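Presented below is the structure to which this report refers.
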Amino acid sequence: MRKIICSLALVVSAFAAYADTRVPQSQAEIGLGFAPVVKQAAPAVVNIYAKIVRQGRANTLFSDPFFQDFFGRGFGAPQPRVQNSLGSGVILSGDGYVVSNYHVVGMATEIRVVTTDRREFSAKVVLGNEESDIAILRLEEADGLPYLKLRDSDQVEVGELALAIGNPFGVGQTVSSGIISGLARTGTATGNARGYFIQTDAAINPGNSGGALIDVNGDLIGINTSILTRSGGSNGIGFAIPANLVAEFLRQAQAGNDRFVSPWAGMAGQHMSADIAESLGLVIPQGVVISDLHELSPLAEAGLQVGDVVTHVDGDEVNSPAEMKFRMSVAGVGGRSVLTRLRGEQVADVEVALIKAPETPAADEATLSERTVLPDLKVSRINPAVISRLGLLLSQTGVVVVDPGPYGGRAGLRAGDVLDDINGDEMEHPGDVEAALTDPGRRVQMTIQRGGRAVSLRFRL
């Protein structure tokens with residue numbers, strides 16, 4: 001009898017947990033549709049109007065001394081252009097923290113946020129990250145605002161109903177419905193090989209960026225960020241940044257960080273293909289193969305080696321470097337993660353410290369002076385922090401271009417170029433660049449590394 005009672009209790013408990021997402025049971029419930037959920041969630045989704053000032057391109061014709069002498073210095077100089085950006089955002093706290101996409105507000109000089117009840121707030125970006133395409137805003141003089149609860153996005157499943165709320169094409173707040181079509185989307189399909197997204201077929205269009213993707217309980221699953229399209233409109237393939245990563249951004253913003261800090265793995269890896277799995281004697285192609293490790297990597301310190309396969313992070317399956325980065329970013333700097341490592345036929349759990357990218361050796365970032373032939377060229381010594389920020393190869397050392405400046409750009413330099421030598425002199429420190437470009441003669445020849453390839457630049461003075 002006791003076993004029957006216990007079984008009934010478990011059934012009742014399971015039914016109660018599922019009751020919130022059950023299929024409508026009456027015509028009245030069917031008639032309501034998603035109206036109660038939308039009524040609850042919509043006030044926390046806002047419209048964002050951002051003003052971006054961009055420097056116009058200079059006409060190289062007017063840089064000729066003849067035209068400058070004839071028309072006067074400054075003639076034909078690039079004029080700033082004002083662009084207006086339209087997007088959406090989601091209120092995450094009653095005191096005015098709002099999340100949106102970095103591509104909507106990251107470079108804005110002026111931001112206005114309008115709520116569904118037509119209140120307007122000035123806002124500023126307090127934390128943003130271009131790679132993750134997330135920006136956290138803080139509304140000025142805001143209090144008691146409606147906000148959405150963040151759901152554990154690791155519990156989201158393919159096939160769940162989902163609603164996208166935003167301001168597509170500037171027509172006003174709009175709701176579209178669909179399902180979760182896929183999880184852990186990365187690579188060229190999303191246009192961002194470093195991203196990690198939830199896929200949905202709920203219609204997402206330009207202007208929806210930064211808006212909410214919610215479940216049938218009104219909880220935030222993710223932030224709508226991009227679509228896969230050839231026409232510019234929705235084809236039913238949209239992507240959202242998972243709520244768990246948004247939660248870490250919010251935590252860091254509320255802690256006062258002005259720059260997002262994610263754990264540094266100090267590794268390069270590749271997803272497990274069928275061919276690689278066969279060469280390793282694996283039946284199922286699963287996990288991430290470590291192809292390179294920095295000497296200061298916390299993974300190397302924990303005993304991992306090149307050739308090891310990482311299959312799980314904190315118990316969650318990973319199949320790409322982007323997934324590993326996502327799992328570690330959600331865990332946050334300062335903690336520890338457990339990586340499941342496969343080496344040959346041996347499986348082991350390895351605890352790894354989650355650290356910031358080390359500033360060793362010191363970057364000694366410097367901006368070249370007016371005495372050089374490329375003034376305002378900004379260079380830095382390479383260390384793990386610089387490697388992480390500029391996306392350099394783990395093996396690269398020496399000096400890297402952080403910002404080419406106006407003259408460096410004209411000479412063909414780009415941010416991320418590693419300077420091997422200038423006029424035959426090796427570059428090991430930013431001071432070497434200053435010295436090499438001060439009175440270098442009539443010609444300058446540089447050998448640089450760009451994307452792992454050697455490139456030679458020559459120009460005359």
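For the structure tokens, the naming scheme is as follows: chains receive sequential letters (A, B, ...) according to their order of presentation, residues are indexed from 1 within each chain, and ligands are indexed from 1 in presentation order.
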
May I have all residues of stretch 368-412 of chain A that DSSP, computed from the backbone, assigns to alpha helix (DSSP H), given as a ChimeraX atom specification? /A:384-390,405-410

Store the residues picked out above, limited to N, CA and C atoms, as a PDB file, in the first residue's frame.
```
ATOM      1  N   PRO A 384      49.368  36.736 -23.389  1.00  0.00           N
ATOM      2  CA  PRO A 384      48.088  36.025 -23.499  1.00  0.00           C
ATOM      3  C   PRO A 384      46.863  36.934 -23.557  1.00  0.00           C
ATOM      4  N   ALA A 385      46.878  38.045 -22.797  1.00  0.00           N
ATOM      5  CA  ALA A 385      45.737  38.957 -22.829  1.00  0.00           C
ATOM      6  C   ALA A 385      45.577  39.587 -24.201  1.00  0.00           C
ATOM      7  N   VAL A 386      46.687  39.965 -24.827  1.00  0.00           N
ATOM      8  CA  VAL A 386      46.643  40.555 -26.163  1.00  0.00           C
ATOM      9  C   VAL A 386      46.233  39.505 -27.192  1.00  0.00           C
ATOM     10  N   ILE A 387      46.735  38.296 -27.044  1.00  0.00           N
ATOM     11  CA  ILE A 387      46.354  37.192 -27.937  1.00  0.00           C
ATOM     12  C   ILE A 387      44.851  36.975 -27.899  1.00  0.00           C
ATOM     13  N   SER A 388      44.297  36.972 -26.686  1.00  0.00           N
ATOM     14  CA  SER A 388      42.863  36.752 -26.520  1.00  0.00           C
ATOM     15  C   SER A 388      42.047  37.896 -27.111  1.00  0.00           C
ATOM     16  N   ARG A 389      42.491  39.124 -26.891  1.00  0.00           N
ATOM     17  CA  ARG A 389      41.731  40.287 -27.344  1.00  0.00           C
ATOM     18  C   ARG A 389      41.748  40.438 -28.851  1.00  0.00           C
ATOM     19  N   LEU A 390      42.890  40.143 -29.497  1.00  0.00           N
ATOM     20  CA  LEU A 390      43.028  40.348 -30.939  1.00  0.00           C
ATOM     21  C   LEU A 390      42.864  39.074 -31.762  1.00  0.00           C
ATOM     22  N   GLY A 405      45.978  53.472 -36.941  1.00  0.00           N
ATOM     23  CA  GLY A 405      45.939  54.919 -37.067  1.00  0.00           C
ATOM     24  C   GLY A 405      45.734  55.335 -38.511  1.00  0.00           C
ATOM     25  N   PRO A 406      45.603  56.627 -38.769  1.00  0.00           N
ATOM     26  CA  PRO A 406      45.312  57.075 -40.143  1.00  0.00           C
ATOM     27  C   PRO A 406      46.435  56.793 -41.130  1.00  0.00           C
ATOM     28  N   TYR A 407      47.693  56.956 -40.707  1.00  0.00           N
ATOM     29  CA  TYR A 407      48.813  56.772 -41.633  1.00  0.00           C
ATOM     30  C   TYR A 407      49.167  55.289 -41.782  1.00  0.00           C
ATOM     31  N   GLY A 408      49.121  54.535 -40.684  1.00  0.00           N
ATOM     32  CA  GLY A 408      49.371  53.101 -40.765  1.00  0.00           C
ATOM     33  C   GLY A 408      48.354  52.400 -41.639  1.00  0.00           C
ATOM     34  N   GLY A 409      47.092  52.856 -41.566  1.00  0.00           N
ATOM     35  CA  GLY A 409      46.054  52.273 -42.409  1.00  0.00           C
ATOM     36  C   GLY A 409      46.327  52.501 -43.883  1.00  0.00           C
ATOM     37  N   ARG A 410      46.797  53.699 -44.206  1.00  0.00           N
ATOM     38  CA  ARG A 410      47.113  53.985 -45.610  1.00  0.00           C
ATOM     39  C   ARG A 410      48.296  53.154 -46.093  1.00  0.00           C
TER      40      ARG A 410
END
```

A:Arg327: which residues within 10 Å, counting only C-alpha atoms, same-chain residues fewer than 5 positions away excluded, as a ChimeraX atom specification? /A:196,244-245,263,312-314,316-318,321-322,332,337

Would you list the contacts of stretch 225-229 of chain A as a list of chain:residue names, taking every protein, DNA or RNA residue within 6 Å and counting only C-alpha atoms, but skipping same-chain residues closer than 4 positions in sequence? A:Ser209, A:Gly210, A:Ile237, A:Gly238, A:Phe239, A:Ala240

I need the chosen residues saved as a tab-separated table (two decimals), in the first residue's frame, with all heavy atoms.
```
chain	number	residue	atom	x	y	z
A	209	SER	N	16.70	42.75	-33.38
A	209	SER	CA	17.98	42.53	-32.69
A	209	SER	C	17.93	43.10	-31.29
A	209	SER	O	17.58	44.27	-31.08
A	209	SER	CB	19.12	43.19	-33.47
A	209	SER	OG	19.32	42.55	-34.70
A	210	GLY	N	18.31	42.28	-30.32
A	210	GLY	CA	18.28	42.70	-28.92
A	210	GLY	C	16.99	42.42	-28.22
A	210	GLY	O	16.88	42.61	-27.00
A	237	ILE	N	14.81	31.11	-39.91
A	237	ILE	CA	16.05	30.65	-39.28
A	237	ILE	C	16.64	31.84	-38.53
A	237	ILE	O	17.32	32.68	-39.12
A	237	ILE	CB	17.05	30.09	-40.30
A	237	ILE	CG1	16.43	28.95	-41.10
A	237	ILE	CG2	18.31	29.60	-39.59
A	237	ILE	CD1	17.33	28.38	-42.17
A	238	GLY	N	16.35	31.91	-37.25
A	238	GLY	CA	16.83	33.00	-36.43
A	238	GLY	C	17.67	32.47	-35.28
A	238	GLY	O	17.56	31.29	-34.91
A	239	PHE	N	18.52	33.34	-34.73
A	239	PHE	CA	19.44	32.91	-33.68
A	239	PHE	C	19.35	33.84	-32.49
A	239	PHE	O	19.19	35.06	-32.64
A	239	PHE	CB	20.87	32.85	-34.21
A	239	PHE	CG	21.04	31.92	-35.38
A	239	PHE	CD1	21.06	32.41	-36.68
A	239	PHE	CD2	21.14	30.55	-35.19
A	239	PHE	CE1	21.19	31.56	-37.76
A	239	PHE	CE2	21.27	29.69	-36.27
A	239	PHE	CZ	21.29	30.20	-37.56
A	240	ALA	N	19.46	33.25	-31.31
A	240	ALA	CA	19.38	34.01	-30.06
A	240	ALA	C	20.54	33.62	-29.15
A	240	ALA	O	20.95	32.46	-29.10
A	240	ALA	CB	18.05	33.74	-29.36
```

Which residues, written as a PyMOL selection string, have at least one atom at most 6 Å from stretch 421-435 of chain A, with only C-alpha atoms counted and residues fewer than 4 positions away on the same chain left out? chain A and resi 368+379-381+398-399+445-447

Of the listed residues A:Ala454, A:Ile134, A:Val310, A:Ala35, that which approaches A:Pro242 most closely, counting only C-alpha atoms: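 Looking only at the distances to A:Pro242, the closest residue turns out to be A:Ile134.
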
Just give me the gap between atom CA of A:Gln199 and atom CA of A:Val333 in Å, one decimal is fine.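 Answer for the atom CA of A:Gln199 to atom CA of A:Val333 separation: 27.3 Å.
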
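Here the question is which of A:Leu304, A:Val38, A:Val352, A:Leu250 gets nearest to A:Val175 using only C-alpha atoms, and that residue is A:Val38.
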
Atomic separation - atom CA of A:Ile382 relative to atom CA of A:Ala362, Å: 8.4 Å

Which of A:Ile165, A:Met267, A:Val53, A:Ile136 sits closest to A:Ala41 [using only C-alpha atoms]: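 The shortest atom-to-atom distance to A:Ala41 comes from A:Ile165.
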
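For A:Thr109, the list of residues within 12 Å, based on only C-alpha atoms and with local chain neighbours fewer than 5 positions off taken out, reads Tyr49, Ala50, Lys51, Ile52, Val53, Arg54, Val82, Gln83, Asn84, Ser85, Val104, Ser122, Ala123, Lys124 and Val125 of chain A.
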
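For the set A:Gly412, A:Gly222, A:Gly269, A:Gly166, the residue with the smallest atom-to-atom gap to A:Leu457 is A:Gly412, counting only C-alpha atoms.
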
So that I can check the secondary structure, give me every residue of stretch 287-397 of chain A assigned strand (DSSP E or B) by backbone DSSP, as number ranges by chain. A: 288-293, 309-313, 316-317, 336-343, 346-353, 366-367, 378-381

Take the residues that were just selected and, keeping N, CA, C and O atoms, output them as a compact mmCIF listing (two decimals), in the first residue's frame.
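Saved result, again.txt, follows:
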```txt
# COMPACT_ATOMS: atom_id res chain seq x y z
N VAL A 288 36.07 17.90 -28.43
CA VAL A 288 36.96 18.89 -29.03
C VAL A 288 38.39 18.38 -28.90
O VAL A 288 38.84 18.04 -27.80
N VAL A 289 39.10 18.33 -30.02
CA VAL A 289 40.50 17.88 -30.01
C VAL A 289 41.40 19.08 -29.74
O VAL A 289 41.32 20.10 -30.43
N ILE A 290 42.25 18.99 -28.73
CA ILE A 290 43.18 20.07 -28.42
C ILE A 290 44.33 20.02 -29.43
O ILE A 290 45.07 19.04 -29.50
N SER A 291 44.46 21.10 -30.21
CA SER A 291 45.50 21.14 -31.24
C SER A 291 46.69 21.99 -30.84
O SER A 291 47.77 21.86 -31.43
N ASP A 292 46.53 22.86 -29.84
CA ASP A 292 47.65 23.69 -29.38
C ASP A 292 47.35 24.17 -27.98
O ASP A 292 46.18 24.39 -27.62
N LEU A 293 48.40 24.34 -27.17
CA LEU A 293 48.28 24.84 -25.81
C LEU A 293 49.36 25.88 -25.56
O LEU A 293 50.53 25.66 -25.88
N VAL A 309 41.22 14.82 -26.01
CA VAL A 309 39.87 15.17 -26.45
C VAL A 309 39.05 15.57 -25.23
O VAL A 309 38.95 14.82 -24.26
N VAL A 310 38.48 16.78 -25.26
CA VAL A 310 37.59 17.24 -24.19
C VAL A 310 36.16 16.98 -24.63
O VAL A 310 35.70 17.51 -25.65
N THR A 311 35.45 16.16 -23.87
CA THR A 311 34.08 15.77 -24.25
C THR A 311 33.01 16.52 -23.46
O THR A 311 31.90 16.69 -23.95
N HIS A 312 33.34 16.93 -22.23
CA HIS A 312 32.35 17.60 -21.39
C HIS A 312 33.01 18.71 -20.57
O HIS A 312 34.19 18.60 -20.21
N VAL A 313 32.26 19.75 -20.30
CA VAL A 313 32.66 20.80 -19.36
C VAL A 313 31.57 20.90 -18.31
O VAL A 313 30.42 21.20 -18.63
N ASP A 316 28.40 19.05 -19.10
CA ASP A 316 27.68 19.37 -20.33
C ASP A 316 28.53 19.02 -21.54
O ASP A 316 29.71 19.39 -21.60
N GLU A 317 27.94 18.34 -22.50
CA GLU A 317 28.66 17.91 -23.69
C GLU A 317 29.13 19.11 -24.51
O GLU A 317 28.41 20.10 -24.66
N ARG A 336 36.20 27.20 -10.74
CA ARG A 336 36.88 26.04 -11.33
C ARG A 336 35.85 25.24 -12.11
O ARG A 336 34.68 25.18 -11.75
N SER A 337 36.31 24.64 -13.21
CA SER A 337 35.45 23.78 -14.02
C SER A 337 36.06 22.39 -14.11
O SER A 337 37.29 22.24 -14.04
N VAL A 338 35.19 21.42 -14.27
CA VAL A 338 35.65 20.04 -14.43
C VAL A 338 35.52 19.66 -15.90
O VAL A 338 34.43 19.68 -16.47
N LEU A 339 36.67 19.35 -16.52
CA LEU A 339 36.70 18.93 -17.91
C LEU A 339 36.86 17.42 -17.98
O LEU A 339 37.71 16.85 -17.29
N THR A 340 36.02 16.80 -18.78
CA THR A 340 36.15 15.36 -19.00
C THR A 340 37.08 15.15 -20.18
O THR A 340 36.81 15.59 -21.29
N ARG A 341 38.21 14.49 -19.91
CA ARG A 341 39.27 14.34 -20.89
C ARG A 341 39.36 12.88 -21.36
O ARG A 341 39.29 11.95 -20.56
N LEU A 342 39.51 12.72 -22.67
CA LEU A 342 39.71 11.40 -23.25
C LEU A 342 41.11 11.36 -23.85
O LEU A 342 41.46 12.17 -24.70
N ARG A 343 41.93 10.41 -23.38
CA ARG A 343 43.29 10.23 -23.89
C ARG A 343 43.48 8.75 -24.18
O ARG A 343 43.56 7.93 -23.24
N GLN A 346 41.60 6.08 -22.06
CA GLN A 346 41.43 6.52 -20.68
C GLN A 346 40.57 7.77 -20.62
O GLN A 346 40.80 8.74 -21.33
N VAL A 347 39.57 7.71 -19.73
CA VAL A 347 38.68 8.85 -19.50
C VAL A 347 38.94 9.36 -18.08
O VAL A 347 39.00 8.57 -17.13
N ALA A 348 39.09 10.66 -17.93
CA ALA A 348 39.36 11.22 -16.61
C ALA A 348 38.69 12.58 -16.50
O ALA A 348 38.54 13.31 -17.49
N ASP A 349 38.30 12.95 -15.28
CA ASP A 349 37.79 14.28 -14.98
C ASP A 349 38.92 15.11 -14.42
O ASP A 349 39.58 14.72 -13.44
N VAL A 350 39.15 16.27 -15.03
CA VAL A 350 40.27 17.13 -14.64
C VAL A 350 39.71 18.48 -14.21
O VAL A 350 38.94 19.11 -14.95
N GLU A 351 40.11 18.94 -13.03
CA GLU A 351 39.65 20.23 -12.53
C GLU A 351 40.58 21.33 -13.03
O GLU A 351 41.80 21.24 -12.89
N VAL A 352 39.99 22.37 -13.61
CA VAL A 352 40.77 23.45 -14.23
C VAL A 352 40.38 24.78 -13.60
O VAL A 352 39.19 25.08 -13.43
N ALA A 353 41.37 25.59 -13.27
CA ALA A 353 41.12 26.93 -12.72
C ALA A 353 40.66 27.85 -13.85
O ALA A 353 41.20 27.82 -14.96
N ALA A 366 52.13 51.20 -26.74
CA ALA A 366 52.67 52.53 -27.04
C ALA A 366 52.06 53.06 -28.33
O ALA A 366 51.72 52.30 -29.24
N THR A 367 51.92 54.39 -28.39
CA THR A 367 51.46 55.08 -29.59
C THR A 367 52.62 55.86 -30.17
O THR A 367 53.26 56.66 -29.47
N LYS A 378 49.44 52.48 -33.07
CA LYS A 378 49.47 51.94 -31.70
C LYS A 378 49.90 50.48 -31.75
O LYS A 378 49.31 49.67 -32.47
N VAL A 379 50.94 50.16 -30.99
CA VAL A 379 51.50 48.80 -30.99
C VAL A 379 51.63 48.29 -29.56
O VAL A 379 51.63 49.06 -28.60
N SER A 380 51.75 46.98 -29.44
CA SER A 380 51.81 46.35 -28.13
C SER A 380 52.67 45.10 -28.20
O SER A 380 52.74 44.44 -29.25
N ARG A 381 53.31 44.78 -27.07
CA ARG A 381 54.00 43.49 -27.00
C ARG A 381 52.95 42.41 -26.81
O ARG A 381 51.94 42.61 -26.11
```

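Atom CA of A:Ser262 lies 24.6 Å from atom CA of A:Gln286.
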